[in-house]
Each structure stands twice: as structure tokens, then as C-alpha cells.
>>> print(open('run_5.pdb').read())   # PDB, C-alpha atoms, pLDDT in the B column
ATOM      1  CA  MET A   1     -51.468-110.536 146.032  1.00 30.00           C
ATOM      2  CA  LYS A   2     -49.532-113.674 146.880  1.00 34.00           C
ATOM      3  CA  ARG A   3     -48.356-114.004 150.451  1.00 38.00           C
ATOM      4  CA  THR A   4     -44.689-114.545 149.672  1.00 40.00           C
ATOM      5  CA  ILE A   5     -42.133-115.577 152.243  1.00 44.00           C
ATOM      6  CA  MET A   6     -38.452-114.867 152.639  1.00 46.00           C
ATOM      7  CA  LEU A   7     -35.862-117.115 154.203  1.00 45.00           C
ATOM      8  CA  CYS A   8     -34.196-115.875 157.370  1.00 52.00           C
ATOM      9  CA  CYS A   9     -31.191-116.923 159.443  1.00 53.00           C
ATOM     10  CA  ALA A  10     -29.941-115.704 162.797  1.00 45.00           C
ATOM     11  CA  LEU A  11     -27.388-118.245 163.978  1.00 40.00           C
ATOM     12  CA  MET A  12     -25.180-116.796 166.667  1.00 34.00           C
ATOM     13  CA  MET A  13     -21.964-117.849 168.405  1.00 35.00           C
ATOM     14  CA  ILE A  14     -20.048-119.643 165.667  1.00 37.00           C
ATOM     15  CA  ALA A  15     -23.046-121.450 164.327  1.00 43.00           C
ATOM     16  CA  GLY A  16     -22.653-122.912 160.886  1.00 51.00           C
ATOM     17  CA  VAL A  17     -24.788-123.534 157.826  1.00 55.00           C
ATOM     18  CA  GLU A  18     -23.302-126.092 155.471  1.00 58.00           C
ATOM     19  CA  ALA A  19     -24.167-126.641 151.836  1.00 50.00           C
ATOM     20  CA  LYS A  20     -25.551-130.099 151.177  1.00 50.00           C
ATOM     21  CA  LYS A  21     -24.454-129.941 147.533  1.00 52.00           C
ATOM     22  CA  ILE A  22     -27.605-131.406 146.054  1.00 50.00           C
ATOM     23  CA  LYS A  23     -29.197-130.368 142.804  1.00 50.00           C
ATOM     24  CA  SER A  24     -32.674-131.744 143.361  1.00 52.00           C
ATOM     25  CA  CYS A  25     -35.229-131.867 146.147  1.00 66.00           C
ATOM     26  CA  PRO A  26     -35.470-135.135 148.130  1.00 71.00           C
ATOM     27  CA  LEU A  27     -39.261-134.980 147.804  1.00 76.00           C
ATOM     28  CA  LYS A  28     -40.959-135.846 144.521  1.00 79.00           C
ATOM     29  CA  GLY A  29     -42.589-133.169 142.413  1.00 80.00           C
ATOM     30  CA  TYR A  30     -40.248-130.270 143.242  1.00 82.00           C
ATOM     31  CA  THR A  31     -37.704-128.461 141.061  1.00 81.00           C
ATOM     32  CA  LEU A  32     -34.710-126.608 142.472  1.00 82.00           C
ATOM     33  CA  VAL A  33     -35.201-122.840 142.058  1.00 82.00           C
ATOM     34  CA  TRP A  34     -32.795-121.299 144.595  1.00 84.00           C
ATOM     35  CA  ASN A  35     -29.748-122.492 146.515  1.00 86.00           C
ATOM     36  CA  ASP A  36     -26.421-121.368 147.914  1.00 89.00           C
ATOM     37  CA  GLU A  37     -23.515-123.778 148.269  1.00 88.00           C
ATOM     38  CA  PHE A  38     -21.292-121.154 150.007  1.00 91.00           C
ATOM     39  CA  ASN A  39     -18.438-121.865 147.639  1.00 89.00           C
ATOM     40  CA  ASP A  40     -17.277-118.250 147.454  1.00 90.00           C
ATOM     41  CA  LYS A  41     -15.013-116.464 149.928  1.00 90.00           C
ATOM     42  CA  THR A  42     -17.690-113.937 150.844  1.00 92.00           C
ATOM     43  CA  LEU A  43     -21.462-113.936 151.231  1.00 93.00           C
ATOM     44  CA  ASP A  44     -23.234-113.649 147.879  1.00 92.00           C
ATOM     45  CA  MET A  45     -25.163-110.399 148.248  1.00 92.00           C
ATOM     46  CA  GLN A  46     -27.213-111.241 145.164  1.00 90.00           C
ATOM     47  CA  LYS A  47     -28.787-113.984 147.288  1.00 90.00           C
ATOM     48  CA  TRP A  48     -28.732-112.517 150.801  1.00 92.00           C
ATOM     49  CA  VAL A  49     -29.417-109.245 152.560  1.00 92.00           C
ATOM     50  CA  TYR A  50     -28.457-108.077 156.061  1.00 94.00           C
ATOM     51  CA  GLN A  51     -30.960-106.716 158.524  1.00 92.00           C
ATOM     52  CA  GLU A  52     -29.639-103.985 160.804  1.00 95.00           C
ATOM     53  CA  ALA A  53     -31.277-103.570 164.208  1.00 93.00           C
ATOM     54  CA  ARG A  54     -30.493-102.168 167.623  1.00 94.00           C
ATOM     55  CA  ALA A  55     -30.150-104.294 170.746  1.00 91.00           C
ATOM     56  CA  GLY A  56     -33.514-105.115 172.282  1.00 85.00           C
ATOM     57  CA  TRP A  57     -35.325-104.524 168.994  1.00 87.00           C
ATOM     58  CA  VAL A  58     -37.075-107.894 169.264  1.00 82.00           C
ATOM     59  CA  ASN A  59     -37.343-110.605 171.932  1.00 81.00           C
ATOM     60  CA  HIS A  60     -35.130-108.566 174.290  1.00 83.00           C
ATOM     61  CA  GLU A  61     -32.051-109.735 172.383  1.00 85.00           C
ATOM     62  CA  LEU A  62     -28.803-108.202 173.627  1.00 88.00           C
ATOM     63  CA  GLN A  63     -26.959-108.180 170.313  1.00 90.00           C
ATOM     64  CA  THR A  64     -26.887-105.344 167.824  1.00 94.00           C
ATOM     65  CA  TYR A  65     -27.345-106.584 164.260  1.00 94.00           C
ATOM     66  CA  VAL A  66     -24.922-104.955 161.846  1.00 96.00           C
ATOM     67  CA  LYS A  67     -24.271-105.087 158.129  1.00 95.00           C
ATOM     68  CA  GLY A  68     -21.241-107.307 157.806  1.00 94.00           C
ATOM     69  CA  THR A  69     -18.774-105.897 160.324  1.00 96.00           C
ATOM     70  CA  THR A  70     -18.579-104.518 163.857  1.00 97.00           C
ATOM     71  CA  PRO A  71     -17.449-100.917 164.442  1.00 97.00           C
ATOM     72  CA  ALA A  72     -13.909-102.287 164.837  1.00 97.00           C
ATOM     73  CA  GLY A  73     -14.136-104.063 161.494  1.00 97.00           C
ATOM     74  CA  ARG A  74     -14.594-107.663 162.650  1.00 96.00           C
ATOM     75  CA  ASN A  75     -16.774-109.844 160.449  1.00 95.00           C
ATOM     76  CA  VAL A  76     -20.045-111.066 161.953  1.00 94.00           C
ATOM     77  CA  VAL A  77     -20.504-113.402 158.984  1.00 94.00           C
ATOM     78  CA  GLU A  78     -17.872-115.609 157.391  1.00 94.00           C
ATOM     79  CA  VAL A  79     -18.026-117.923 154.387  1.00 93.00           C
ATOM     80  CA  SER A  80     -15.334-120.616 154.262  1.00 91.00           C
ATOM     81  CA  ASP A  81     -14.927-124.322 153.498  1.00 88.00           C
ATOM     82  CA  GLY A  82     -18.438-124.569 152.103  1.00 90.00           C
ATOM     83  CA  THR A  83     -20.074-123.185 155.225  1.00 91.00           C
ATOM     84  CA  LEU A  84     -21.723-119.983 156.361  1.00 93.00           C
ATOM     85  CA  LYS A  85     -20.748-118.982 159.897  1.00 93.00           C
ATOM     86  CA  ILE A  86     -22.529-116.284 161.894  1.00 93.00           C
ATOM     87  CA  TYR A  87     -20.822-114.928 165.017  1.00 91.00           C
ATOM     88  CA  ALA A  88     -21.780-113.019 168.134  1.00 90.00           C
ATOM     89  CA  ILE A  89     -18.860-110.694 168.920  1.00 92.00           C
ATOM     90  CA  PRO A  90     -18.461-108.745 172.178  1.00 93.00           C
ATOM     91  CA  GLU A  91     -16.901-105.367 171.542  1.00 95.00           C
ATOM     92  CA  GLY A  92     -16.791-102.599 174.114  1.00 93.00           C
ATOM     93  CA  ASP A  93     -20.026-102.712 176.090  1.00 94.00           C
ATOM     94  CA  LYS A  94     -22.040-104.261 173.230  1.00 93.00           C
ATOM     95  CA  VAL A  95     -22.434-107.545 171.398  1.00 92.00           C
ATOM     96  CA  TYR A  96     -22.668-107.550 167.601  1.00 94.00           C
ATOM     97  CA  SER A  97     -24.037-110.252 165.329  1.00 93.00           C
ATOM     98  CA  GLY A  98     -25.492-110.924 161.902  1.00 93.00           C
ATOM     99  CA  ARG A  99     -29.111-111.421 160.899  1.00 92.00           C
ATOM    100  CA  ILE A 100     -29.535-112.318 157.242  1.00 92.00           C
ATOM    101  CA  TYR A 101     -32.460-112.945 154.924  1.00 90.00           C
ATOM    102  CA  GLY A 102     -32.765-114.573 151.554  1.00 86.00           C
ATOM    103  CA  ASN A 103     -32.958-111.775 149.004  1.00 80.00           C
ATOM    104  CA  ARG A 104     -36.524-110.457 149.056  1.00 66.00           C
ATOM    105  CA  GLN A 105     -36.788-110.948 145.294  1.00 67.00           C
ATOM    106  CA  ASN A 106     -36.638-114.659 146.019  1.00 60.00           C
ATOM    107  CA  GLY A 107     -39.781-114.743 148.136  1.00 77.00           C
ATOM    108  CA  PHE A 108     -42.076-117.626 147.289  1.00 80.00           C
ATOM    109  CA  ARG A 109     -45.375-119.263 148.174  1.00 84.00           C
ATOM    110  CA  TYR A 110     -45.383-123.038 148.673  1.00 88.00           C
ATOM    111  CA  GLY A 111     -42.395-125.305 148.194  1.00 88.00           C
ATOM    112  CA  TYR A 112     -39.653-127.153 150.043  1.00 90.00           C
ATOM    113  CA  VAL A 113     -36.636-125.588 151.745  1.00 90.00           C
ATOM    114  CA  GLU A 114     -33.829-127.096 153.796  1.00 90.00           C
ATOM    115  CA  ALA A 115     -30.454-126.279 155.343  1.00 92.00           C
ATOM    116  CA  ARG A 116     -27.719-128.298 157.035  1.00 92.00           C
ATOM    117  CA  ILE A 117     -27.009-126.528 160.317  1.00 94.00           C
ATOM    118  CA  LYS A 118     -24.774-127.041 163.338  1.00 94.00           C
ATOM    119  CA  LEU A 119     -26.005-125.081 166.339  1.00 95.00           C
ATOM    120  CA  PRO A 120     -23.938-122.911 168.707  1.00 92.00           C
ATOM    121  CA  VAL A 121     -23.072-123.848 172.271  1.00 91.00           C
ATOM    122  CA  GLY A 122     -23.861-121.747 175.314  1.00 88.00           C
ATOM    123  CA  ARG A 123     -26.551-120.077 177.381  1.00 87.00           C
ATOM    124  CA  GLY A 124     -27.823-116.872 175.853  1.00 85.00           C
ATOM    125  CA  THR A 125     -27.764-118.145 172.280  1.00 88.00           C
ATOM    126  CA  TRP A 126     -30.938-118.488 170.222  1.00 90.00           C
ATOM    127  CA  PRO A 127     -30.199-119.868 166.749  1.00 92.00           C
ATOM    128  CA  ALA A 128     -33.095-119.791 164.323  1.00 93.00           C
ATOM    129  CA  PHE A 129     -33.930-120.736 160.743  1.00 94.00           C
ATOM    130  CA  TRP A 130     -37.297-119.254 159.899  1.00 93.00           C
ATOM    131  CA  MET A 131     -39.534-117.528 157.362  1.00 91.00           C
ATOM    132  CA  MET A 132     -41.293-114.163 157.370  1.00 90.00           C
ATOM    133  CA  PRO A 133     -43.507-112.327 154.851  1.00 88.00           C
ATOM    134  CA  VAL A 134     -41.813-110.296 152.144  1.00 83.00           C
ATOM    135  CA  LYS A 135     -44.452-107.615 152.689  1.00 81.00           C
ATOM    136  CA  HIS A 136     -45.980-106.921 156.096  1.00 82.00           C
ATOM    137  CA  GLU A 137     -49.570-105.987 155.286  1.00 86.00           C
ATOM    138  CA  LYS A 138     -51.363-106.619 158.575  1.00 90.00           C
ATOM    139  CA  GLY A 139     -48.451-106.691 161.025  1.00 91.00           C
ATOM    140  CA  TRP A 140     -47.115-109.488 163.193  1.00 93.00           C
ATOM    141  CA  PRO A 141     -48.474-112.053 163.884  1.00 94.00           C
ATOM    142  CA  ALA A 142     -51.395-111.611 161.480  1.00 95.00           C
ATOM    143  CA  ASP A 143     -49.147-111.920 158.423  1.00 93.00           C
ATOM    144  CA  GLY A 144     -47.793-115.257 159.648  1.00 94.00           C
ATOM    145  CA  GLU A 145     -44.411-116.659 160.628  1.00 95.00           C
ATOM    146  CA  ILE A 146     -42.960-120.125 160.013  1.00 95.00           C
ATOM    147  CA  ASP A 147     -40.153-121.201 162.345  1.00 96.00           C
ATOM    148  CA  ILE A 148     -38.416-124.165 160.736  1.00 96.00           C
ATOM    149  CA  MET A 149     -35.872-124.563 163.546  1.00 96.00           C
ATOM    150  CA  GLU A 150     -35.129-122.808 166.815  1.00 96.00           C
ATOM    151  CA  GLU A 151     -33.040-123.742 169.834  1.00 95.00           C
ATOM    152  CA  VAL A 152     -32.617-121.881 173.112  1.00 92.00           C
ATOM    153  CA  GLY A 153     -29.063-122.307 174.363  1.00 90.00           C
ATOM    154  CA  ALA A 154     -30.163-122.804 177.953  1.00 92.00           C
ATOM    155  CA  ASN A 155     -32.065-125.893 176.789  1.00 95.00           C
ATOM    156  CA  ALA A 156     -29.281-127.415 174.738  1.00 96.00           C
ATOM    157  CA  ASN A 157     -30.031-129.776 171.847  1.00 97.00           C
ATOM    158  CA  TYR A 158     -33.803-129.358 172.047  1.00 98.00           C
ATOM    159  CA  VAL A 159     -34.891-128.032 168.660  1.00 98.00           C
ATOM    160  CA  SER A 160     -38.387-126.870 167.834  1.00 98.00           C
ATOM    161  CA  SER A 161     -40.617-125.787 164.962  1.00 98.00           C
ATOM    162  CA  SER A 162     -43.476-123.315 165.404  1.00 97.00           C
ATOM    163  CA  ILE A 163     -46.268-121.609 163.496  1.00 96.00           C
ATOM    164  CA  HIS A 164     -47.376-118.094 164.436  1.00 96.00           C
ATOM    165  CA  CYS A 165     -50.461-116.267 163.203  1.00 96.00           C
ATOM    166  CA  LYS A 166     -53.176-114.111 164.772  1.00 96.00           C
ATOM    167  CA  ALA A 167     -54.994-117.084 166.308  1.00 97.00           C
ATOM    168  CA  TYR A 168     -51.864-119.011 167.259  1.00 97.00           C
ATOM    169  CA  ASN A 169     -48.894-117.108 168.667  1.00 95.00           C
ATOM    170  CA  HIS A 170     -46.583-117.122 171.664  1.00 91.00           C
ATOM    171  CA  PRO A 171     -47.868-113.926 173.386  1.00 93.00           C
ATOM    172  CA  MET A 172     -51.214-115.719 173.664  1.00 95.00           C
ATOM    173  CA  LYS A 173     -49.423-119.035 174.384  1.00 93.00           C
ATOM    174  CA  THR A 174     -51.438-120.613 171.597  1.00 95.00           C
ATOM    175  CA  GLN A 175     -48.648-121.105 169.046  1.00 92.00           C
ATOM    176  CA  LYS A 176     -48.529-124.398 167.203  1.00 97.00           C
ATOM    177  CA  THR A 177     -45.174-125.896 168.120  1.00 97.00           C
ATOM    178  CA  HIS A 178     -43.291-129.146 168.577  1.00 98.00           C
ATOM    179  CA  GLU A 179     -39.935-129.782 170.259  1.00 98.00           C
ATOM    180  CA  MET A 180     -37.528-132.642 169.668  1.00 97.00           C
ATOM    181  CA  LEU A 181     -34.303-133.712 171.394  1.00 98.00           C
ATOM    182  CA  ILE A 182     -31.384-134.031 168.970  1.00 97.00           C
ATOM    183  CA  PRO A 183     -28.446-135.068 171.199  1.00 98.00           C
ATOM    184  CA  THR A 184     -25.825-133.915 168.679  1.00 97.00           C
ATOM    185  CA  ALA A 185     -27.521-130.716 167.478  1.00 97.00           C
ATOM    186  CA  GLU A 186     -24.639-128.610 168.852  1.00 95.00           C
ATOM    187  CA  SER A 187     -21.820-130.908 167.723  1.00 95.00           C
ATOM    188  CA  ASP A 188     -22.909-132.138 164.281  1.00 95.00           C
ATOM    189  CA  PHE A 189     -24.702-130.863 161.210  1.00 93.00           C
ATOM    190  CA  HIS A 190     -28.351-131.867 160.821  1.00 94.00           C
ATOM    191  CA  VAL A 191     -30.845-131.182 158.037  1.00 92.00           C
ATOM    192  CA  TYR A 192     -33.751-128.932 159.036  1.00 95.00           C
ATOM    193  CA  ALA A 193     -36.475-128.705 156.406  1.00 93.00           C
ATOM    194  CA  LEU A 194     -39.911-127.382 155.561  1.00 93.00           C
ATOM    195  CA  GLU A 195     -42.576-128.550 153.121  1.00 93.00           C
ATOM    196  CA  TRP A 196     -45.269-125.923 152.579  1.00 93.00           C
ATOM    197  CA  THR A 197     -48.362-126.589 150.443  1.00 92.00           C
ATOM    198  CA  ALA A 198     -51.860-125.149 150.141  1.00 92.00           C
ATOM    199  CA  ASP A 199     -53.069-127.850 152.527  1.00 94.00           C
ATOM    200  CA  TYR A 200     -50.391-128.103 155.215  1.00 95.00           C
ATOM    201  CA  ILE A 201     -47.048-127.042 156.628  1.00 96.00           C
ATOM    202  CA  ARG A 202     -44.700-129.839 157.699  1.00 95.00           C
ATOM    203  CA  THR A 203     -41.185-129.522 159.129  1.00 95.00           C
ATOM    204  CA  TYR A 204     -38.494-132.171 159.390  1.00 94.00           C
ATOM    205  CA  VAL A 205     -35.242-132.942 161.182  1.00 95.00           C
ATOM    206  CA  ASP A 206     -33.058-135.332 159.177  1.00 93.00           C
ATOM    207  CA  GLY A 207     -36.131-136.482 157.295  1.00 91.00           C
ATOM    208  CA  LYS A 208     -38.157-137.186 160.438  1.00 94.00           C
ATOM    209  CA  GLU A 209     -41.370-135.209 160.866  1.00 95.00           C
ATOM    210  CA  GLN A 210     -41.150-132.518 163.536  1.00 97.00           C
ATOM    211  CA  LEU A 211     -44.319-130.413 163.182  1.00 97.00           C
ATOM    212  CA  PHE A 212     -47.483-130.849 161.116  1.00 97.00           C
ATOM    213  CA  PHE A 213     -49.889-127.921 160.777  1.00 97.00           C
ATOM    214  CA  GLU A 214     -52.951-128.386 158.578  1.00 96.00           C
ATOM    215  CA  ASN A 215     -54.860-125.707 156.715  1.00 96.00           C
ATOM    216  CA  ASP A 216     -58.405-125.647 158.094  1.00 95.00           C
ATOM    217  CA  HIS A 217     -59.634-124.243 154.756  1.00 95.00           C
ATOM    218  CA  ALA A 218     -61.973-121.911 156.624  1.00 95.00           C
ATOM    219  CA  GLY A 219     -60.807-118.926 154.564  1.00 92.00           C
ATOM    220  CA  ASN A 220     -59.813-117.217 157.815  1.00 94.00           C
ATOM    221  CA  ASN A 221     -56.580-115.223 157.738  1.00 93.00           C
ATOM    222  CA  ASP A 222     -56.380-115.506 161.532  1.00 96.00           C
ATOM    223  CA  THR A 223     -55.811-119.267 161.372  1.00 96.00           C
ATOM    224  CA  TRP A 224     -54.078-119.642 157.984  1.00 96.00           C
ATOM    225  CA  PRO A 225     -52.474-116.465 156.603  1.00 94.00           C
ATOM    226  CA  PHE A 226     -50.182-118.471 154.312  1.00 89.00           C
ATOM    227  CA  LEU A 227     -52.171-117.984 151.075  1.00 76.00           C
ATOM    228  CA  MET A 228     -53.587-115.380 148.728  1.00 51.00           C
ATOM    229  CA  SER A 229     -54.362-112.189 150.650  1.00 43.00           C
TER     230      SER A 229
END
>>> encode(input="run_5.pdb", output="C-alpha cells")
Amino acid sequence: MKRTIMLCCALMMIAGVEAKKIKSCPLKGYTLVWNDEFNDKTLDMQKWVYQEARAGWVNHELQTYVKGTTPAGRNVVEVSDGTLKIYAIPEGDKVYSGRIYGNRQNGFRYGYVEARIKLPVGRGTWPAFWMMPVKHEKGWPADGEIDIMEEVGANANYVSSSIHCKAYNHPMKTQKTHEMLIPTAESDFHVYALEWTADYIRTYVDGKEQLFFENDHAGNNDTWPFLMS
């Protein structure tokens, strides 16, 4: 079975994802197979799916992830002016937000993916643009995780990419990661991208290499789960 991956976004506190309006990949040899220009007035649910989760479900996050609206009917996701905006909304004694994935039918193995993103401002935020398996066969982290972009609000404008698998993961403090200062990450849109092949995973910020992770070709799922299982 192919180890397919789905695209994920959790961009809190008025973060934005802006369509780049391109019809071809900037790297040679790739053909466009999936995109969203956010031209509609609402999120295209043929392309995206919400994940619902309680507060504290993962990483001790305080927000409750809901499907579209808070209990009071406020939108946690908004599409307008060619952008996707994801909010964190305090309501009562809770905070609500949106966590969305590319439709699972659009999982893929190998390719290039990018998004233009402006990050939120403030301590307590943790915007992320990352990829997870469509099917969890062995559990995390053995199935693999590719973090294209993350930023911790308390460390403003420092963006990172990371690879997690059984051999390399943050509980063991062995994850493969690289951090880069982007002084305008919270004020301007930047392009965060991934190229994923059978031989390597490489991430970019505005076309500049961020992280390079090479397949050791040892046939060991613990060190490279991003292949045929």
C-alpha cells in the first residue's frame, strides 16, 4: 500500500493563507494536480475537511477544534479576498479554532506542495502547515510526519521545518529540524514549500532551502517511513 499523505493547516489568530494564482509548479518535471485559489465565499468542502477535537487533545493546546462555527455561531474559518483565514475565538471559558486537512481522497506520495502564508501575532499561537498519513497503520511517529512550516508565537518570526518518524521525533529530541528567521513572517505573506521524492525531502521558504532530509535507502521504516509500506 502506498504511504499517502494529506495536507494539513492549523493557523490560528487571524492567520491567512493566500492563493498564489499559479497554474504550474516552479520546479521542472511537475504537473499541477490539486490547488485552491480561495475564490469562493466559503471553504470548498470538496477540497477540505475539518477535524474536530477537544482542548488538550494534542500538544496541550488550549483551543477546541470545531467544524466551522463556535457554539455561538461565529466562524472559525473565513474565505475572502482570495485568502483563507483561520481564527482562534474566545467564547465563554473556552477558545475555539479551526483545524483543516486537504480532503483525504487527495492524499499523494511524492510531489511538490506550497502555500503563501502570513503568520499570526502573539504568544500562545502555533501556526503550522504540515502533512500526515491518510491512514495510520503503525501509529505516531512510526507512520511519519512532515512539518513544512511551524512557528511558535513566543519566538516570533522564527519558522521551522521538521521530520518526525520512529527514529527521529521530538519526544526523543532526535527530530530532524531546521529553523530560520524571517523578519516579516508575521506581517507579510511568504511562500512555504515542500519537495518530496523517493530520495529526499526538502523544504523551502521563498525558494530558499530550509531543511534537507535524505532517504538512507536502508529499507528501514523507522528512519524513512515515507514510501511503500
>>> resolve_selection(input="run_5.pdb", expression="the PyMOL selection byres ((chain A and resi 52) around 6)", output="PyMOL selection string")
chain A and resi 51+53+65-66
>>> axis_aligned_box(input="run_5.pdb", around="region 189-198 of chain A", padding_each_side="4 Å", output="AutoDock Vina command-line options")
--center_x -38.3 --center_y -128.5 --center_z 155.7 --size_x 35.2 --size_y 14.7 --size_z 19.1
>>> residues_around(input="run_5.pdb", residues="Ala198 (chain A)", least_positions_apart="2", cutoff="8 Å", atoms="only C-alpha atoms", output="short mmCIF file (atom, residue, chain, number, x, y, z; two decimals) with C-alpha atoms, in the coordinates of the input")
data_model
loop_
_atom_site.label_atom_id
_atom_site.label_comp_id
_atom_site.auth_asym_id
_atom_site.auth_seq_id
_atom_site.Cartn_x
_atom_site.Cartn_y
_atom_site.Cartn_z
CA TYR A 110 -45.38 -123.04 148.67
CA TRP A 196 -45.27 -125.92 152.58
CA TYR A 200 -50.39 -128.10 155.22
CA ASN A 215 -54.86 -125.71 156.72
CA LEU A 227 -52.17 -117.98 151.07
#
>>> closest_residue(input="run_5.pdb", among="A:Pro225, A:Gly122, A:Pro71, A:Gly29", to="Ile146 (chain A)", atoms="all atoms listed in the file")
A:Pro225
>>> resolve_selection(input="run_5.pdb", expression="the PyMOL selection byres ((chain A and resi 76) around 10)", output="list in words")
Met12, Met13, Ile14, Tyr65, Val66, Lys67, Gly68, Thr69, Thr70, Gly73, Arg74, Asn75, Val77, Glu78, Lys85, Ile86, Tyr87, Ala88, Ile89, Tyr96, Ser97, Gly98 and Arg99 of chain A
>>> resolve_selection(input="run_5.pdb", expression="the PyMOL selection byres ((chain A and resi 201) around 12)", output="MDAnalysis selection string")
chainID A and resid 109:113 145:148 161:164 176:177 193:200 202:204 209:216 224:227
>>> closest_residue(input="run_5.pdb", among="A:Leu84, A:Val33, A:Val58, A:Ala156", to="Pro120 (chain A)", atoms="all atoms listed in the file")
A:Ala156
>>> closest_residue(input="run_5.pdb", among="A:Asp40, A:Asp188, A:Glu91, A:Glu114", to="Asn157 (chain A)", atoms="only C-alpha atoms")
A:Asp188
>>> atom_distance(input="run_5.pdb", atom1="CA of Val121 (chain A)", atom2="CA of Lys173 (chain A)")
26.9 Å
>>> atom_distance(input="run_5.pdb", atom1="CA of Gly124 (chain A)", atom2="CA of Glu151 (chain A)")
10.5 Å
>>> atom_distance(input="run_5.pdb", atom1="CA of Leu43 (chain A)", atom2="CA of Leu27 (chain A)")
27.8 Å
>>> closest_residue(input="run_5.pdb", among="A:Asp36, A:Glu61, A:Glu179, A:Asp222", to="Asp143 (chain A)", atoms="only C-alpha atoms")
A:Asp222
